[in-house]
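File shown: data_21.cif (mmCIF, N, CA and C atoms and all ligand atoms).
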```cif
data_query
#
loop_
_atom_site.label_atom_id
_atom_site.label_comp_id
_atom_site.auth_asym_id
_atom_site.auth_seq_id
_atom_site.Cartn_x
_atom_site.Cartn_y
_atom_site.Cartn_z
N MET A 25 -100.80 19.22 99.25
CA MET A 25 -100.32 20.58 99.05
C MET A 25 -100.24 20.85 97.57
N THR A 26 -100.65 22.03 97.17
CA THR A 26 -100.56 22.40 95.76
C THR A 26 -99.40 23.38 95.60
N VAL A 27 -98.78 23.29 94.44
CA VAL A 27 -97.65 24.17 94.14
C VAL A 27 -98.17 25.38 93.41
N ASP A 28 -97.63 26.54 93.75
CA ASP A 28 -97.99 27.79 93.08
C ASP A 28 -97.42 27.76 91.67
N ALA A 29 -98.28 27.59 90.67
CA ALA A 29 -97.81 27.44 89.29
C ALA A 29 -97.07 28.69 88.80
N CYS A 30 -97.56 29.87 89.17
CA CYS A 30 -96.89 31.10 88.73
C CYS A 30 -95.50 31.18 89.36
N GLY A 31 -95.39 30.79 90.61
CA GLY A 31 -94.10 30.81 91.28
C GLY A 31 -93.14 29.83 90.63
N ALA A 32 -93.64 28.65 90.27
CA ALA A 32 -92.79 27.63 89.64
C ALA A 32 -92.29 28.12 88.28
N VAL A 33 -93.15 28.76 87.51
CA VAL A 33 -92.75 29.28 86.20
C VAL A 33 -91.70 30.37 86.38
N TYR A 34 -91.94 31.24 87.34
CA TYR A 34 -90.98 32.32 87.61
C TYR A 34 -89.61 31.74 87.97
N LEU A 35 -89.62 30.76 88.86
CA LEU A 35 -88.38 30.11 89.31
C LEU A 35 -87.68 29.41 88.15
N ALA A 36 -88.47 28.82 87.28
CA ALA A 36 -87.91 28.06 86.15
C ALA A 36 -87.15 28.97 85.18
N LYS A 37 -87.48 30.25 85.19
CA LYS A 37 -86.84 31.18 84.25
C LYS A 37 -85.44 31.59 84.68
N VAL A 38 -85.11 31.35 85.94
CA VAL A 38 -83.80 31.77 86.44
C VAL A 38 -82.85 30.57 86.40
N PRO A 39 -81.85 30.63 85.52
CA PRO A 39 -80.94 29.49 85.36
C PRO A 39 -80.28 29.08 86.67
N GLY A 40 -80.38 27.79 87.00
CA GLY A 40 -79.67 27.24 88.14
C GLY A 40 -80.35 27.40 89.48
N LEU A 41 -81.36 28.28 89.57
CA LEU A 41 -81.97 28.55 90.87
C LEU A 41 -82.72 27.33 91.42
N ALA A 42 -83.54 26.70 90.58
CA ALA A 42 -84.29 25.52 91.04
C ALA A 42 -83.32 24.42 91.47
N ASP A 43 -82.25 24.23 90.70
CA ASP A 43 -81.28 23.18 91.04
C ASP A 43 -80.59 23.49 92.37
N ASP A 44 -80.27 24.76 92.61
CA ASP A 44 -79.65 25.14 93.88
C ASP A 44 -80.59 24.85 95.05
N LEU A 45 -81.87 25.19 94.88
CA LEU A 45 -82.85 24.96 95.95
C LEU A 45 -83.04 23.47 96.22
N ILE A 46 -83.07 22.69 95.13
CA ILE A 46 -83.22 21.23 95.29
C ILE A 46 -82.03 20.67 96.06
N GLU A 47 -80.87 21.20 95.77
CA GLU A 47 -79.66 20.73 96.45
C GLU A 47 -79.67 21.09 97.94
N GLU A 48 -80.24 22.26 98.28
CA GLU A 48 -80.26 22.71 99.67
C GLU A 48 -81.37 22.06 100.49
N HIS A 49 -82.53 21.87 99.89
CA HIS A 49 -83.70 21.41 100.63
C HIS A 49 -83.85 19.90 100.50
N THR A 50 -83.03 19.21 101.28
CA THR A 50 -83.01 17.75 101.25
C THR A 50 -83.47 17.19 102.60
N ASP A 51 -83.76 15.89 102.58
CA ASP A 51 -84.16 15.18 103.79
C ASP A 51 -82.95 15.08 104.72
N ASP A 52 -83.16 15.40 105.99
CA ASP A 52 -82.04 15.33 106.94
C ASP A 52 -81.85 13.92 107.48
N GLY A 53 -82.62 12.98 106.93
CA GLY A 53 -82.52 11.59 107.39
C GLY A 53 -83.57 11.26 108.43
N LYS A 54 -84.26 12.32 108.92
CA LYS A 54 -85.32 12.12 109.91
C LYS A 54 -86.66 12.63 109.38
N GLY A 55 -86.71 12.85 108.06
CA GLY A 55 -87.95 13.30 107.46
C GLY A 55 -88.17 14.80 107.55
N ARG A 56 -87.11 15.55 107.90
CA ARG A 56 -87.20 17.01 108.00
C ARG A 56 -86.30 17.64 106.95
N CYS A 57 -86.64 18.90 106.58
CA CYS A 57 -85.85 19.60 105.58
C CYS A 57 -84.65 20.27 106.24
N ARG A 58 -83.47 19.94 105.74
CA ARG A 58 -82.27 20.55 106.30
C ARG A 58 -82.03 21.95 105.72
N GLY A 59 -82.79 22.32 104.67
CA GLY A 59 -82.59 23.61 104.02
C GLY A 59 -83.36 24.75 104.64
N CYS A 60 -84.38 24.45 105.43
CA CYS A 60 -85.13 25.55 106.03
C CYS A 60 -85.38 25.35 107.51
N PRO A 61 -84.34 25.49 108.29
CA PRO A 61 -84.53 25.45 109.73
C PRO A 61 -85.31 26.67 110.21
N SER A 62 -86.16 26.46 111.19
CA SER A 62 -86.95 27.55 111.73
C SER A 62 -86.75 27.60 113.23
N GLN A 63 -86.51 28.79 113.74
CA GLN A 63 -86.30 28.92 115.18
C GLN A 63 -87.61 28.86 115.95
N THR A 64 -88.74 29.11 115.26
CA THR A 64 -90.01 29.14 115.96
C THR A 64 -90.77 27.82 115.87
N HIS A 65 -90.72 27.16 114.71
CA HIS A 65 -91.53 25.95 114.52
C HIS A 65 -90.70 24.70 114.29
N GLY A 66 -89.38 24.80 114.32
CA GLY A 66 -88.56 23.64 114.02
C GLY A 66 -88.48 23.44 112.52
N MET A 67 -87.70 22.46 112.12
CA MET A 67 -87.51 22.21 110.70
C MET A 67 -88.78 21.60 110.12
N PRO A 68 -89.25 22.11 108.97
CA PRO A 68 -90.47 21.57 108.38
C PRO A 68 -90.26 20.17 107.81
N GLN A 69 -91.36 19.49 107.61
CA GLN A 69 -91.32 18.15 107.04
C GLN A 69 -90.77 18.20 105.62
N HIS A 70 -90.00 17.17 105.24
CA HIS A 70 -89.48 17.07 103.88
C HIS A 70 -90.46 16.25 103.03
N PRO A 71 -90.77 16.62 101.80
CA PRO A 71 -90.30 17.81 101.11
C PRO A 71 -91.06 19.06 101.57
N CYS A 72 -90.32 20.13 101.81
CA CYS A 72 -90.92 21.39 102.24
C CYS A 72 -91.56 22.09 101.03
N ASN A 73 -92.23 23.18 101.28
CA ASN A 73 -92.91 23.91 100.19
C ASN A 73 -91.92 24.42 99.15
N ILE A 74 -90.76 24.88 99.62
CA ILE A 74 -89.75 25.39 98.68
C ILE A 74 -89.26 24.26 97.78
N ARG A 75 -89.04 23.08 98.34
CA ARG A 75 -88.57 21.95 97.55
C ARG A 75 -89.62 21.55 96.51
N LEU A 76 -90.89 21.53 96.92
CA LEU A 76 -91.95 21.17 95.97
C LEU A 76 -91.99 22.17 94.82
N LEU A 77 -91.84 23.45 95.16
CA LEU A 77 -91.84 24.50 94.15
C LEU A 77 -90.63 24.34 93.22
N ALA A 78 -89.47 24.06 93.81
CA ALA A 78 -88.25 23.90 93.01
C ALA A 78 -88.34 22.67 92.11
N ASP A 79 -88.92 21.58 92.62
CA ASP A 79 -89.10 20.38 91.78
C ASP A 79 -89.99 20.70 90.59
N ALA A 80 -91.07 21.43 90.83
CA ALA A 80 -91.98 21.81 89.74
C ALA A 80 -91.25 22.70 88.74
N ALA A 81 -90.46 23.65 89.25
CA ALA A 81 -89.73 24.57 88.37
C ALA A 81 -88.72 23.81 87.52
N ALA A 82 -88.02 22.86 88.12
CA ALA A 82 -87.03 22.07 87.38
C ALA A 82 -87.71 21.27 86.28
N SER A 83 -88.89 20.74 86.59
CA SER A 83 -89.65 19.97 85.60
C SER A 83 -90.09 20.86 84.44
N ILE A 84 -90.56 22.05 84.77
CA ILE A 84 -90.97 23.01 83.73
C ILE A 84 -89.78 23.36 82.85
N ARG A 85 -88.64 23.62 83.48
CA ARG A 85 -87.44 24.01 82.73
C ARG A 85 -86.98 22.87 81.81
N ARG A 86 -87.01 21.63 82.32
CA ARG A 86 -86.64 20.49 81.47
C ARG A 86 -87.57 20.39 80.26
N THR A 87 -88.84 20.67 80.48
CA THR A 87 -89.81 20.62 79.37
C THR A 87 -89.47 21.70 78.34
N TRP A 88 -89.15 22.90 78.79
CA TRP A 88 -88.78 23.99 77.87
C TRP A 88 -87.55 23.60 77.06
N ILE A 89 -86.57 23.00 77.74
CA ILE A 89 -85.33 22.61 77.05
C ILE A 89 -85.63 21.51 76.03
N ARG A 90 -86.41 20.50 76.43
CA ARG A 90 -86.74 19.39 75.54
C ARG A 90 -87.48 19.88 74.30
N ARG A 91 -88.32 20.88 74.48
CA ARG A 91 -89.09 21.41 73.35
C ARG A 91 -88.36 22.52 72.60
N GLY A 92 -87.16 22.87 73.07
CA GLY A 92 -86.40 23.93 72.41
C GLY A 92 -87.02 25.30 72.62
N GLN A 93 -87.74 25.48 73.73
CA GLN A 93 -88.46 26.74 73.99
C GLN A 93 -87.75 27.65 74.99
N LEU A 94 -86.64 27.19 75.54
CA LEU A 94 -86.03 27.94 76.64
C LEU A 94 -85.71 29.38 76.23
N ASP A 95 -85.16 29.55 75.03
CA ASP A 95 -84.78 30.90 74.59
C ASP A 95 -85.98 31.81 74.39
N THR A 96 -87.13 31.24 74.14
CA THR A 96 -88.31 32.08 73.91
C THR A 96 -89.06 32.41 75.20
N VAL A 97 -88.90 31.59 76.25
CA VAL A 97 -89.64 31.85 77.49
C VAL A 97 -88.83 32.62 78.52
N VAL A 98 -87.51 32.53 78.44
CA VAL A 98 -86.68 33.25 79.39
C VAL A 98 -86.26 34.58 78.76
N PRO A 99 -86.71 35.69 79.33
CA PRO A 99 -86.37 36.99 78.76
C PRO A 99 -84.86 37.19 78.69
N ALA A 100 -84.42 37.75 77.59
CA ALA A 100 -82.99 37.97 77.38
C ALA A 100 -82.39 38.82 78.49
N ARG A 101 -83.20 39.74 79.06
CA ARG A 101 -82.65 40.61 80.10
C ARG A 101 -82.28 39.82 81.35
N ILE A 102 -82.98 38.72 81.65
CA ILE A 102 -82.62 37.89 82.80
C ILE A 102 -81.28 37.21 82.54
N VAL A 103 -81.13 36.67 81.33
CA VAL A 103 -79.88 35.98 80.98
C VAL A 103 -78.72 36.97 81.03
N GLN A 104 -78.93 38.18 80.49
CA GLN A 104 -77.87 39.19 80.50
C GLN A 104 -77.54 39.63 81.92
N HIS A 105 -78.57 39.80 82.74
CA HIS A 105 -78.35 40.21 84.13
C HIS A 105 -77.52 39.18 84.89
N LEU A 106 -77.87 37.91 84.73
CA LEU A 106 -77.14 36.85 85.43
C LEU A 106 -75.72 36.72 84.91
N ALA A 107 -75.53 36.89 83.60
CA ALA A 107 -74.19 36.83 83.03
C ALA A 107 -73.33 37.96 83.61
N ALA A 108 -73.94 39.14 83.77
CA ALA A 108 -73.22 40.28 84.34
C ALA A 108 -72.85 40.00 85.79
N MET A 109 -73.77 39.38 86.54
CA MET A 109 -73.48 39.05 87.94
C MET A 109 -72.32 38.06 88.02
N ASP A 110 -72.31 37.04 87.14
CA ASP A 110 -71.22 36.07 87.12
C ASP A 110 -69.90 36.77 86.84
N ARG A 111 -69.92 37.70 85.88
CA ARG A 111 -68.69 38.43 85.53
C ARG A 111 -68.19 39.22 86.73
N ASP A 112 -69.12 39.90 87.42
CA ASP A 112 -68.75 40.70 88.57
C ASP A 112 -68.10 39.84 89.65
N GLU A 113 -68.69 38.64 89.89
CA GLU A 113 -68.13 37.73 90.90
C GLU A 113 -66.74 37.27 90.50
N ASP A 114 -66.57 36.92 89.21
CA ASP A 114 -65.27 36.45 88.74
C ASP A 114 -64.22 37.54 88.87
N GLU A 115 -64.61 38.76 88.54
CA GLU A 115 -63.66 39.87 88.56
C GLU A 115 -63.31 40.27 89.99
N ALA A 116 -64.24 40.05 90.91
CA ALA A 116 -64.00 40.44 92.29
C ALA A 116 -62.91 39.58 92.93
N GLY A 117 -62.80 38.34 92.45
CA GLY A 117 -61.76 37.46 92.99
C GLY A 117 -62.08 36.99 94.39
N GLN A 118 -61.19 36.22 94.97
CA GLN A 118 -61.42 35.62 96.28
C GLN A 118 -61.50 36.65 97.40
N ASP A 119 -60.67 37.68 97.34
CA ASP A 119 -60.61 38.64 98.43
C ASP A 119 -61.51 39.86 98.19
N GLY A 120 -62.28 39.81 97.12
CA GLY A 120 -63.20 40.90 96.85
C GLY A 120 -62.54 42.08 96.17
N ALA A 121 -61.24 42.02 95.91
CA ALA A 121 -60.55 43.14 95.26
C ALA A 121 -60.84 43.14 93.76
N MET A 122 -60.98 44.29 93.20
CA MET A 122 -61.23 44.39 91.77
C MET A 122 -59.90 44.16 91.03
N PRO A 123 -59.95 43.46 89.89
CA PRO A 123 -58.72 43.19 89.15
C PRO A 123 -58.17 44.46 88.48
N ILE A 124 -56.91 44.44 88.22
CA ILE A 124 -56.28 45.54 87.48
C ILE A 124 -56.42 45.23 86.00
N ARG A 125 -56.96 46.18 85.24
CA ARG A 125 -57.16 45.95 83.81
C ARG A 125 -56.07 46.57 82.99
ZN ZN A 201 -86.85 23.34 102.81
#
```
Could you write out this structure as structure tokens?
Amino acid sequence: MTVDACGAVYLAKVPGLADDLIEEHTDDGKGRCRGCPSQTHGMPQHPCNIRLLADAAASIRRTWIRRGQLDTVVPARIVQHLAAMDRDEDEAGQDGAMPIR
């Protein structure tokens, strides 16, 4: 199986996404992926396509970090967007209520 290089690069640009996918798409102990159950075809063989893509993305990201290129390849707007999402989640609190400022 070949990994979609464009997809891996895209995934690598989103902080934490590849790591989250790697954490979810693991071997269930029987050689199947516990991260992508399917009602029609059963659980796919591990590593599934998503895991392969996430592994490639994580490798690309590590290379960018090692070379000090992360800031130049990840658009600032993605970083700002994700930071805003984190802020929104923090402010929403456990019950989803907005904080009093
Ligand atoms: Zn999977």
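Our summary of the geometry notes that atom N of Ile84 of chain A is positioned 14.2 Å from atom C of Thr96 of chain A.
With distances taken over only N, CA and C atoms and all ligand atoms, A:Asn73 is the one residue among A:Asn73, A:Gln104, A:Thr87, A:Gln93 lying closest to ligand ZN 201 (chain A).
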(request) Would you list the residues that come within 6 Å of ligand ZN 201 (chain A)? Count all atoms listed in the file and give the answer as a ChimeraX atom specification. (result) /A:49-50,57-60,72-75
(message) Please determine, counting all atoms listed in the file, which residue among A:Ala82, A:Ala108, A:Leu76, A:Val98 has the shortest atom-to-atom distance to Thr26 of chain A.
(response) A:Leu76
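Reported to one decimal place, the separation of atom C of Leu77 of chain A from atom N of Leu45 of chain A is 9.0 Å.
Residue nearest Asp43 of chain A, chosen from A:Ile89, A:Cys30, A:Ala81, A:Met67 and counting all atoms listed in the file: A:Ala81.
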(request) Give me every helix (DSSP H, G or I) residue in segment 29-112 of chain A, going by DSSP on the backbone, as a ChimeraX atom specification. (result) /A:29-36,41-48,73-90,94-97,100-112
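When only C-alpha atoms are used to measure the gap to Gly53 of chain A, the shortest distance among A:Val38, A:His65, A:His70, A:Asp110 belongs to A:His70.
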(message) Just the number, please: distance in Å from atom CA of Ala29 of chain A to atom CA of Arg91 of chain A, one decimal.
(response) 19.1 Å
(message) DSSP on the backbone: which residues in chain A end up as strand (DSSP E or B)? Give the answer as an MDAnalysis selection string.
(response) chainID A and resid 51 56:57 69
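Shortest separation to Arg101 of chain A among A:Trp88, A:Ala32, A:Lys37, A:Gln69 occurs at residue A:Lys37, atoms counted being only C-alpha atoms.
Among the candidates A:Gln63, A:Gly55, A:Ala100, A:Leu106, the one nearest to Pro39 of chain A when counting only N, CA and C atoms is A:Leu106.
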